[in-house]
Amino acid sequence: MEGGVVSGGLDLNNFKSAITKTFGANSACLQYADEVLTSATKYEIDPLRLMALMNQESSCNVGSSDSSAGAVGLMQIKDWDVDIGNGVSCSGSISGLKTKADLIGPNNVQNNIDCGALILKTYYDIHGSKTSSYKCDEYKFKLTPNYVDKIEPAVNIQYTGWDAALRYYNGWACAELKDDGKSEVL
């Protein structure tokens, strides 16, 4: 795999072995290896990158819908993702996908993964060749009145390529950084 593009030599068994090494032998992700490999090949994305994104978004739980933004499924697709903009639409690009309902549940796994892959690839095509700056001032969480429970330090991180595409997919909110200042999927 070069530059995130799937090489012709990766077959399903090798991919499943890589999933097991990366996520563990009992990973819920294993059951979606074929669908992820299909989407990764179709949209020219490293299948492990796509699987890592799916694992981050939903823990590979097909029924996942615990997003405050109303995101659903394995790739946590939101209403506005069905029509991405910039001339790209999951509903116009993926056969059998007309509404968000076509992304939900075990019968729509391939639609959900295809839509997530299309979104990621679109962000890569638009932003991958540019440097995107993720700059946030120090942020103080006040969970208890009159007491600062946690301080997120100021950051200024530069993203390019697939890292920029992932950052766009996951959002740019300042207070959502992990302890090391990076997104877990990167």
# chains A, B, ... in the order shown; residues from 1 in each chain; ligands from 1
>>> residues_around(residues="A:Thr22", least_positions_apart="6", cutoff="10 Å", atoms="only C-alpha atoms", output="list in words")
Lys16, Leu48, Met51 and Ala52 of chain A
>>> write_last_selection(atoms="N, CA and C atoms", output="CSV table (one decimal), in the first residue's frame")
chain,number,residue,atom,x,y,z
A,16,LYS,N,-7.6,-10.0,7.1
A,16,LYS,CA,-8.1,-10.5,8.4
A,16,LYS,C,-6.9,-10.7,9.4
A,48,LEU,N,-6.7,-0.8,6.3
A,48,LEU,CA,-6.5,-0.7,7.7
A,48,LEU,C,-6.8,0.7,8.2
A,51,MET,N,-10.6,0.7,8.4
A,51,MET,CA,-11.0,-0.1,9.5
A,51,MET,C,-10.7,0.6,10.8
A,52,ALA,N,-9.6,1.3,11.0
A,52,ALA,CA,-9.3,2.0,12.2
A,52,ALA,C,-10.3,3.1,12.4
>>> closest_residue(among="A:Leu10, A:Cys115, A:Ala18, A:Ala69", to="A:Ser91", atoms="only C-alpha atoms")
A:Cys115
>>> residues_around(residues="A:Glu138", least_positions_apart="5", cutoff="9 Å", atoms="only C-alpha atoms", output="NGL selection string")
:A and (151-155 or 174)
>>> residues_around(residues="A:Lys121", least_positions_apart="2", cutoff="8 Å", atoms="only C-alpha atoms", output="list of chain:residue names")
A:Tyr43, A:Glu44, A:Ile45, A:Ala117, A:Leu118, A:Ile119, A:Tyr123, A:Tyr124, A:Asp125, A:Ala165
>>> write_last_selection(atoms="N, CA, C and O atoms", output="PDB file, in the first residue's frame")
ATOM      1  N   TYR A  43     -12.626   2.910  -3.261  1.00  0.00           N
ATOM      2  CA  TYR A  43     -12.304   4.327  -3.049  1.00  0.00           C
ATOM      3  C   TYR A  43     -10.808   4.584  -2.881  1.00  0.00           C
ATOM      4  O   TYR A  43     -10.408   5.699  -2.540  1.00  0.00           O
ATOM      5  N   GLU A  44      -9.984   3.574  -3.111  1.00  0.00           N
ATOM      6  CA  GLU A  44      -8.523   3.687  -3.056  1.00  0.00           C
ATOM      7  C   GLU A  44      -8.026   4.224  -1.709  1.00  0.00           C
ATOM      8  O   GLU A  44      -7.310   5.212  -1.626  1.00  0.00           O
ATOM      9  N   ILE A  45      -8.447   3.538  -0.650  1.00  0.00           N
ATOM     10  CA  ILE A  45      -8.069   3.886   0.723  1.00  0.00           C
ATOM     11  C   ILE A  45      -7.391   2.661   1.330  1.00  0.00           C
ATOM     12  O   ILE A  45      -7.827   1.531   1.120  1.00  0.00           O
ATOM     13  N   ALA A 117     -16.415   5.719   3.475  1.00  0.00           N
ATOM     14  CA  ALA A 117     -15.229   5.717   2.614  1.00  0.00           C
ATOM     15  C   ALA A 117     -15.301   6.852   1.588  1.00  0.00           C
ATOM     16  O   ALA A 117     -14.298   7.522   1.324  1.00  0.00           O
ATOM     17  N   LEU A 118     -16.478   7.068   1.020  1.00  0.00           N
ATOM     18  CA  LEU A 118     -16.653   8.162   0.056  1.00  0.00           C
ATOM     19  C   LEU A 118     -16.396   9.515   0.717  1.00  0.00           C
ATOM     20  O   LEU A 118     -15.726  10.385   0.150  1.00  0.00           O
ATOM     21  N   ILE A 119     -16.885   9.689   1.930  1.00  0.00           N
ATOM     22  CA  ILE A 119     -16.660  10.941   2.662  1.00  0.00           C
ATOM     23  C   ILE A 119     -15.163  11.128   2.909  1.00  0.00           C
ATOM     24  O   ILE A 119     -14.611  12.208   2.638  1.00  0.00           O
ATOM     25  N   TYR A 123     -12.763  14.108   1.337  1.00  0.00           N
ATOM     26  CA  TYR A 123     -11.930  15.005   2.141  1.00  0.00           C
ATOM     27  C   TYR A 123     -10.462  14.920   1.730  1.00  0.00           C
ATOM     28  O   TYR A 123      -9.761  15.924   1.683  1.00  0.00           O
ATOM     29  N   TYR A 124     -10.008  13.724   1.405  1.00  0.00           N
ATOM     30  CA  TYR A 124      -8.627  13.570   0.943  1.00  0.00           C
ATOM     31  C   TYR A 124      -8.421  14.294  -0.388  1.00  0.00           C
ATOM     32  O   TYR A 124      -7.432  15.010  -0.568  1.00  0.00           O
ATOM     33  N   ASP A 125      -9.344  14.110  -1.319  1.00  0.00           N
ATOM     34  CA  ASP A 125      -9.221  14.761  -2.623  1.00  0.00           C
ATOM     35  C   ASP A 125      -9.236  16.278  -2.511  1.00  0.00           C
ATOM     36  O   ASP A 125      -8.526  16.971  -3.232  1.00  0.00           O
ATOM     37  N   ALA A 165      -7.454  14.444   5.940  1.00  0.00           N
ATOM     38  CA  ALA A 165      -8.767  13.885   5.614  1.00  0.00           C
ATOM     39  C   ALA A 165      -9.437  13.302   6.859  1.00  0.00           C
ATOM     40  O   ALA A 165     -10.636  13.515   7.090  1.00  0.00           O
TER      41      ALA A 165
END
>>> residues_around(residues="A:Ile19", least_positions_apart="2", cutoff="9 Å", atoms="only C-alpha atoms", output="PyMOL selection string")
chain A and resi 14-17+21-25+27+29-30+33+48+51
>>> write_last_selection(atoms="all heavy atoms", output="short mmCIF file (atom, residue, chain, number, x, y, z; two decimals), in the first residue's frame")
data_model
loop_
_atom_site.label_atom_id
_atom_site.label_comp_id
_atom_site.auth_asym_id
_atom_site.auth_seq_id
_atom_site.Cartn_x
_atom_site.Cartn_y
_atom_site.Cartn_z
N ASN A 14 -5.20 -12.13 4.22
CA ASN A 14 -4.13 -11.25 4.71
C ASN A 14 -4.70 -10.07 5.47
O ASN A 14 -4.14 -9.64 6.49
CB ASN A 14 -3.25 -10.77 3.56
CG ASN A 14 -2.39 -11.87 2.99
OD1 ASN A 14 -2.07 -12.85 3.66
ND2 ASN A 14 -2.01 -11.72 1.73
N PHE A 15 -5.79 -9.53 4.98
CA PHE A 15 -6.44 -8.40 5.65
C PHE A 15 -6.97 -8.82 7.02
O PHE A 15 -6.79 -8.11 8.01
CB PHE A 15 -7.55 -7.82 4.76
CG PHE A 15 -8.22 -6.61 5.34
CD1 PHE A 15 -7.49 -5.56 5.89
CD2 PHE A 15 -9.60 -6.50 5.31
CE1 PHE A 15 -8.11 -4.44 6.42
CE2 PHE A 15 -10.23 -5.38 5.82
CZ PHE A 15 -9.49 -4.36 6.38
N LYS A 16 -7.59 -9.99 7.10
CA LYS A 16 -8.09 -10.48 8.38
C LYS A 16 -6.94 -10.70 9.36
O LYS A 16 -7.07 -10.40 10.55
CB LYS A 16 -8.89 -11.77 8.20
CG LYS A 16 -10.28 -11.54 7.64
CD LYS A 16 -11.07 -12.83 7.57
CE LYS A 16 -12.50 -12.57 7.15
NZ LYS A 16 -13.29 -13.80 7.10
N SER A 17 -5.81 -11.19 8.88
CA SER A 17 -4.63 -11.35 9.74
C SER A 17 -4.16 -10.00 10.26
O SER A 17 -3.80 -9.86 11.44
CB SER A 17 -3.50 -12.03 8.98
OG SER A 17 -3.83 -13.36 8.67
N LYS A 21 -3.98 -8.71 14.18
CA LYS A 21 -2.76 -8.14 14.77
C LYS A 21 -3.02 -6.74 15.33
O LYS A 21 -2.50 -6.38 16.37
CB LYS A 21 -1.65 -8.03 13.73
CG LYS A 21 -0.90 -9.29 13.50
CD LYS A 21 0.25 -9.02 12.53
CE LYS A 21 1.05 -10.27 12.28
NZ LYS A 21 2.09 -10.06 11.28
N THR A 22 -3.81 -5.95 14.61
CA THR A 22 -4.04 -4.56 14.99
C THR A 22 -5.07 -4.40 16.09
O THR A 22 -4.88 -3.62 17.02
CB THR A 22 -4.48 -3.74 13.75
OG1 THR A 22 -3.51 -3.91 12.72
CG2 THR A 22 -4.62 -2.27 14.08
N PHE A 23 -6.17 -5.14 16.00
CA PHE A 23 -7.30 -4.93 16.91
C PHE A 23 -7.54 -6.08 17.89
O PHE A 23 -8.39 -5.96 18.76
CB PHE A 23 -8.58 -4.67 16.10
CG PHE A 23 -8.49 -3.49 15.19
CD1 PHE A 23 -8.31 -3.67 13.84
CD2 PHE A 23 -8.57 -2.20 15.68
CE1 PHE A 23 -8.22 -2.59 12.98
CE2 PHE A 23 -8.47 -1.12 14.85
CZ PHE A 23 -8.30 -1.31 13.49
N GLY A 24 -6.86 -7.21 17.70
CA GLY A 24 -7.04 -8.35 18.59
C GLY A 24 -7.88 -9.44 17.94
O GLY A 24 -8.72 -9.17 17.07
N ALA A 25 -7.68 -10.64 18.40
CA ALA A 25 -8.33 -11.81 17.80
C ALA A 25 -9.84 -11.80 17.98
O ALA A 25 -10.57 -12.38 17.17
CB ALA A 25 -7.74 -13.09 18.39
N SER A 27 -11.79 -9.14 17.96
CA SER A 27 -12.33 -7.86 17.53
C SER A 27 -13.64 -8.03 16.77
O SER A 27 -13.77 -8.89 15.89
CB SER A 27 -11.32 -7.16 16.62
OG SER A 27 -11.90 -6.00 16.06
N CYS A 29 -14.51 -6.11 14.66
CA CYS A 29 -14.21 -5.61 13.32
C CYS A 29 -14.01 -6.74 12.30
O CYS A 29 -14.25 -6.53 11.10
CB CYS A 29 -12.97 -4.73 13.34
SG CYS A 29 -13.12 -3.27 14.37
N LEU A 30 -13.57 -7.89 12.74
CA LEU A 30 -13.28 -9.00 11.83
C LEU A 30 -14.46 -9.35 10.93
O LEU A 30 -14.29 -9.68 9.76
CB LEU A 30 -12.87 -10.24 12.61
CG LEU A 30 -11.39 -10.39 12.92
CD1 LEU A 30 -11.15 -11.53 13.88
CD2 LEU A 30 -10.57 -10.56 11.66
N ALA A 33 -14.61 -7.41 7.57
CA ALA A 33 -13.39 -7.35 6.76
C ALA A 33 -13.69 -7.30 5.26
O ALA A 33 -13.11 -6.50 4.52
CB ALA A 33 -12.48 -8.52 7.08
N LEU A 48 -6.72 -0.81 6.27
CA LEU A 48 -6.51 -0.70 7.73
C LEU A 48 -6.84 0.70 8.23
O LEU A 48 -7.33 0.86 9.35
CB LEU A 48 -5.08 -1.10 8.10
CG LEU A 48 -4.83 -2.60 8.16
CD1 LEU A 48 -3.35 -2.88 8.41
CD2 LEU A 48 -5.69 -3.28 9.21
N MET A 51 -10.59 0.68 8.39
CA MET A 51 -11.01 -0.14 9.53
C MET A 51 -10.74 0.60 10.84
O MET A 51 -11.57 0.56 11.76
CB MET A 51 -10.29 -1.48 9.52
CG MET A 51 -10.74 -2.44 10.61
SD MET A 51 -12.46 -2.98 10.49
CE MET A 51 -12.34 -4.22 9.21
#
>>> residues_around(residues="A:Ile157", least_positions_apart="3", cutoff="7 Å", atoms="only C-alpha atoms", output="list in words")
Ser133, Tyr134 and Lys135 of chain A
>>> residues_around(residues="A:Met75", least_positions_apart="3", cutoff="12 Å", atoms="only C-alpha atoms", output="PyMOL selection string")
chain A and resi 29+32+36+39+50-65+67+71-72+78+81+103-105+108-120+169-170
>>> atom_distance(atom1="atom CA of A:Asp163", atom2="atom CA of A:Gly128")
7.9 Å
>>> decode(residues="stretch 41-53 of chain A", atoms="all heavy atoms", output="PDB file, in the first residue's frame")
ATOM      1  N   THR A  41     -10.954  -0.770  -1.600  1.00  0.00           N
ATOM      2  CA  THR A  41     -10.518  -0.955  -2.980  1.00  0.00           C
ATOM      3  C   THR A  41     -11.255   0.005  -3.907  1.00  0.00           C
ATOM      4  O   THR A  41     -10.645   0.668  -4.752  1.00  0.00           O
ATOM      5  CB  THR A  41     -10.750  -2.420  -3.422  1.00  0.00           C
ATOM      6  OG1 THR A  41     -10.023  -3.282  -2.544  1.00  0.00           O
ATOM      7  CG2 THR A  41     -10.288  -2.644  -4.847  1.00  0.00           C
ATOM      8  N   LYS A  42     -12.558   0.115  -3.716  1.00  0.00           N
ATOM      9  CA  LYS A  42     -13.399   0.980  -4.557  1.00  0.00           C
ATOM     10  C   LYS A  42     -12.971   2.443  -4.471  1.00  0.00           C
ATOM     11  O   LYS A  42     -12.941   3.150  -5.472  1.00  0.00           O
ATOM     12  CB  LYS A  42     -14.854   0.823  -4.110  1.00  0.00           C
ATOM     13  CG  LYS A  42     -15.861   1.621  -4.893  1.00  0.00           C
ATOM     14  CD  LYS A  42     -17.257   1.297  -4.372  1.00  0.00           C
ATOM     15  CE  LYS A  42     -18.336   2.040  -5.100  1.00  0.00           C
ATOM     16  NZ  LYS A  42     -19.676   1.679  -4.590  1.00  0.00           N
ATOM     17  N   TYR A  43     -12.626   2.910  -3.261  1.00  0.00           N
ATOM     18  CA  TYR A  43     -12.304   4.327  -3.049  1.00  0.00           C
ATOM     19  C   TYR A  43     -10.808   4.584  -2.881  1.00  0.00           C
ATOM     20  O   TYR A  43     -10.408   5.699  -2.540  1.00  0.00           O
ATOM     21  CB  TYR A  43     -13.093   4.870  -1.856  1.00  0.00           C
ATOM     22  CG  TYR A  43     -14.573   4.881  -2.141  1.00  0.00           C
ATOM     23  CD1 TYR A  43     -15.410   3.899  -1.619  1.00  0.00           C
ATOM     24  CD2 TYR A  43     -15.135   5.836  -2.974  1.00  0.00           C
ATOM     25  CE1 TYR A  43     -16.765   3.881  -1.894  1.00  0.00           C
ATOM     26  CE2 TYR A  43     -16.493   5.839  -3.262  1.00  0.00           C
ATOM     27  CZ  TYR A  43     -17.298   4.858  -2.716  1.00  0.00           C
ATOM     28  OH  TYR A  43     -18.645   4.848  -3.013  1.00  0.00           O
ATOM     29  N   GLU A  44      -9.984   3.574  -3.111  1.00  0.00           N
ATOM     30  CA  GLU A  44      -8.523   3.687  -3.056  1.00  0.00           C
ATOM     31  C   GLU A  44      -8.026   4.224  -1.709  1.00  0.00           C
ATOM     32  O   GLU A  44      -7.310   5.212  -1.626  1.00  0.00           O
ATOM     33  CB  GLU A  44      -8.006   4.556  -4.202  1.00  0.00           C
ATOM     34  CG  GLU A  44      -8.330   3.995  -5.567  1.00  0.00           C
ATOM     35  CD  GLU A  44      -7.797   4.863  -6.691  1.00  0.00           C
ATOM     36  OE1 GLU A  44      -7.887   6.105  -6.609  1.00  0.00           O
ATOM     37  OE2 GLU A  44      -7.292   4.273  -7.651  1.00  0.00           O
ATOM     38  N   ILE A  45      -8.447   3.538  -0.650  1.00  0.00           N
ATOM     39  CA  ILE A  45      -8.069   3.886   0.723  1.00  0.00           C
ATOM     40  C   ILE A  45      -7.391   2.661   1.330  1.00  0.00           C
ATOM     41  O   ILE A  45      -7.827   1.531   1.120  1.00  0.00           O
ATOM     42  CB  ILE A  45      -9.319   4.260   1.556  1.00  0.00           C
ATOM     43  CG1 ILE A  45     -10.042   5.466   0.949  1.00  0.00           C
ATOM     44  CG2 ILE A  45      -8.939   4.534   3.016  1.00  0.00           C
ATOM     45  CD1 ILE A  45     -11.401   5.734   1.577  1.00  0.00           C
ATOM     46  N   ASP A  46      -6.360   2.873   2.119  1.00  0.00           N
ATOM     47  CA  ASP A  46      -5.731   1.788   2.856  1.00  0.00           C
ATOM     48  C   ASP A  46      -6.819   1.123   3.706  1.00  0.00           C
ATOM     49  O   ASP A  46      -7.462   1.789   4.517  1.00  0.00           O
ATOM     50  CB  ASP A  46      -4.619   2.367   3.734  1.00  0.00           C
ATOM     51  CG  ASP A  46      -3.921   1.340   4.599  1.00  0.00           C
ATOM     52  OD1 ASP A  46      -4.536   0.318   4.967  1.00  0.00           O
ATOM     53  OD2 ASP A  46      -2.759   1.565   4.921  1.00  0.00           O
ATOM     54  N   PRO A  47      -7.062  -0.181   3.540  1.00  0.00           N
ATOM     55  CA  PRO A  47      -8.148  -0.820   4.286  1.00  0.00           C
ATOM     56  C   PRO A  47      -7.955  -0.787   5.803  1.00  0.00           C
ATOM     57  O   PRO A  47      -8.938  -0.697   6.544  1.00  0.00           O
ATOM     58  CB  PRO A  47      -8.175  -2.260   3.759  1.00  0.00           C
ATOM     59  CG  PRO A  47      -6.873  -2.458   3.078  1.00  0.00           C
ATOM     60  CD  PRO A  47      -6.389  -1.117   2.642  1.00  0.00           C
ATOM     61  N   LEU A  48      -6.721  -0.814   6.274  1.00  0.00           N
ATOM     62  CA  LEU A  48      -6.509  -0.701   7.726  1.00  0.00           C
ATOM     63  C   LEU A  48      -6.837   0.699   8.233  1.00  0.00           C
ATOM     64  O   LEU A  48      -7.328   0.858   9.349  1.00  0.00           O
ATOM     65  CB  LEU A  48      -5.085  -1.096   8.101  1.00  0.00           C
ATOM     66  CG  LEU A  48      -4.825  -2.595   8.156  1.00  0.00           C
ATOM     67  CD1 LEU A  48      -3.352  -2.883   8.412  1.00  0.00           C
ATOM     68  CD2 LEU A  48      -5.694  -3.275   9.206  1.00  0.00           C
ATOM     69  N   ARG A  49      -6.593   1.707   7.413  1.00  0.00           N
ATOM     70  CA  ARG A  49      -6.968   3.078   7.788  1.00  0.00           C
ATOM     71  C   ARG A  49      -8.489   3.177   7.895  1.00  0.00           C
ATOM     72  O   ARG A  49      -9.028   3.746   8.844  1.00  0.00           O
ATOM     73  CB  ARG A  49      -6.430   4.076   6.763  1.00  0.00           C
ATOM     74  CG  ARG A  49      -6.726   5.531   7.101  1.00  0.00           C
ATOM     75  CD  ARG A  49      -6.196   6.479   6.037  1.00  0.00           C
ATOM     76  NE  ARG A  49      -4.799   6.278   5.738  1.00  0.00           N
ATOM     77  CZ  ARG A  49      -3.785   6.830   6.391  1.00  0.00           C
ATOM     78  NH1 ARG A  49      -4.008   7.624   7.412  1.00  0.00           N
ATOM     79  NH2 ARG A  49      -2.545   6.598   6.026  1.00  0.00           N
ATOM     80  N   LEU A  50      -9.176   2.601   6.917  1.00  0.00           N
ATOM     81  CA  LEU A  50     -10.638   2.634   6.929  1.00  0.00           C
ATOM     82  C   LEU A  50     -11.182   1.842   8.112  1.00  0.00           C
ATOM     83  O   LEU A  50     -12.111   2.280   8.798  1.00  0.00           O
ATOM     84  CB  LEU A  50     -11.177   2.091   5.602  1.00  0.00           C
ATOM     85  CG  LEU A  50     -12.662   2.279   5.335  1.00  0.00           C
ATOM     86  CD1 LEU A  50     -13.052   3.757   5.351  1.00  0.00           C
ATOM     87  CD2 LEU A  50     -13.028   1.663   3.992  1.00  0.00           C
ATOM     88  N   MET A  51     -10.588   0.681   8.392  1.00  0.00           N
ATOM     89  CA  MET A  51     -11.009  -0.136   9.530  1.00  0.00           C
ATOM     90  C   MET A  51     -10.738   0.597  10.845  1.00  0.00           C
ATOM     91  O   MET A  51     -11.566   0.559  11.764  1.00  0.00           O
ATOM     92  CB  MET A  51     -10.291  -1.483   9.519  1.00  0.00           C
ATOM     93  CG  MET A  51     -10.736  -2.442  10.611  1.00  0.00           C
ATOM     94  SD  MET A  51     -12.460  -2.976  10.488  1.00  0.00           S
ATOM     95  CE  MET A  51     -12.341  -4.218   9.212  1.00  0.00           C
ATOM     96  N   ALA A  52      -9.596   1.269  10.952  1.00  0.00           N
ATOM     97  CA  ALA A  52      -9.276   2.027  12.170  1.00  0.00           C
ATOM     98  C   ALA A  52     -10.290   3.146  12.386  1.00  0.00           C
ATOM     99  O   ALA A  52     -10.723   3.401  13.515  1.00  0.00           O
ATOM    100  CB  ALA A  52      -7.864   2.595  12.091  1.00  0.00           C
ATOM    101  N   LEU A  53     -10.686   3.804  11.309  1.00  0.00           N
ATOM    102  CA  LEU A  53     -11.689   4.858  11.415  1.00  0.00           C
ATOM    103  C   LEU A  53     -13.013   4.275  11.893  1.00  0.00           C
ATOM    104  O   LEU A  53     -13.660   4.822  12.792  1.00  0.00           O
ATOM    105  CB  LEU A  53     -11.855   5.561  10.066  1.00  0.00           C
ATOM    106  CG  LEU A  53     -12.925   6.640   9.992  1.00  0.00           C
ATOM    107  CD1 LEU A  53     -12.648   7.762  10.986  1.00  0.00           C
ATOM    108  CD2 LEU A  53     -13.002   7.197   8.567  1.00  0.00           C
TER     109      LEU A  53
END
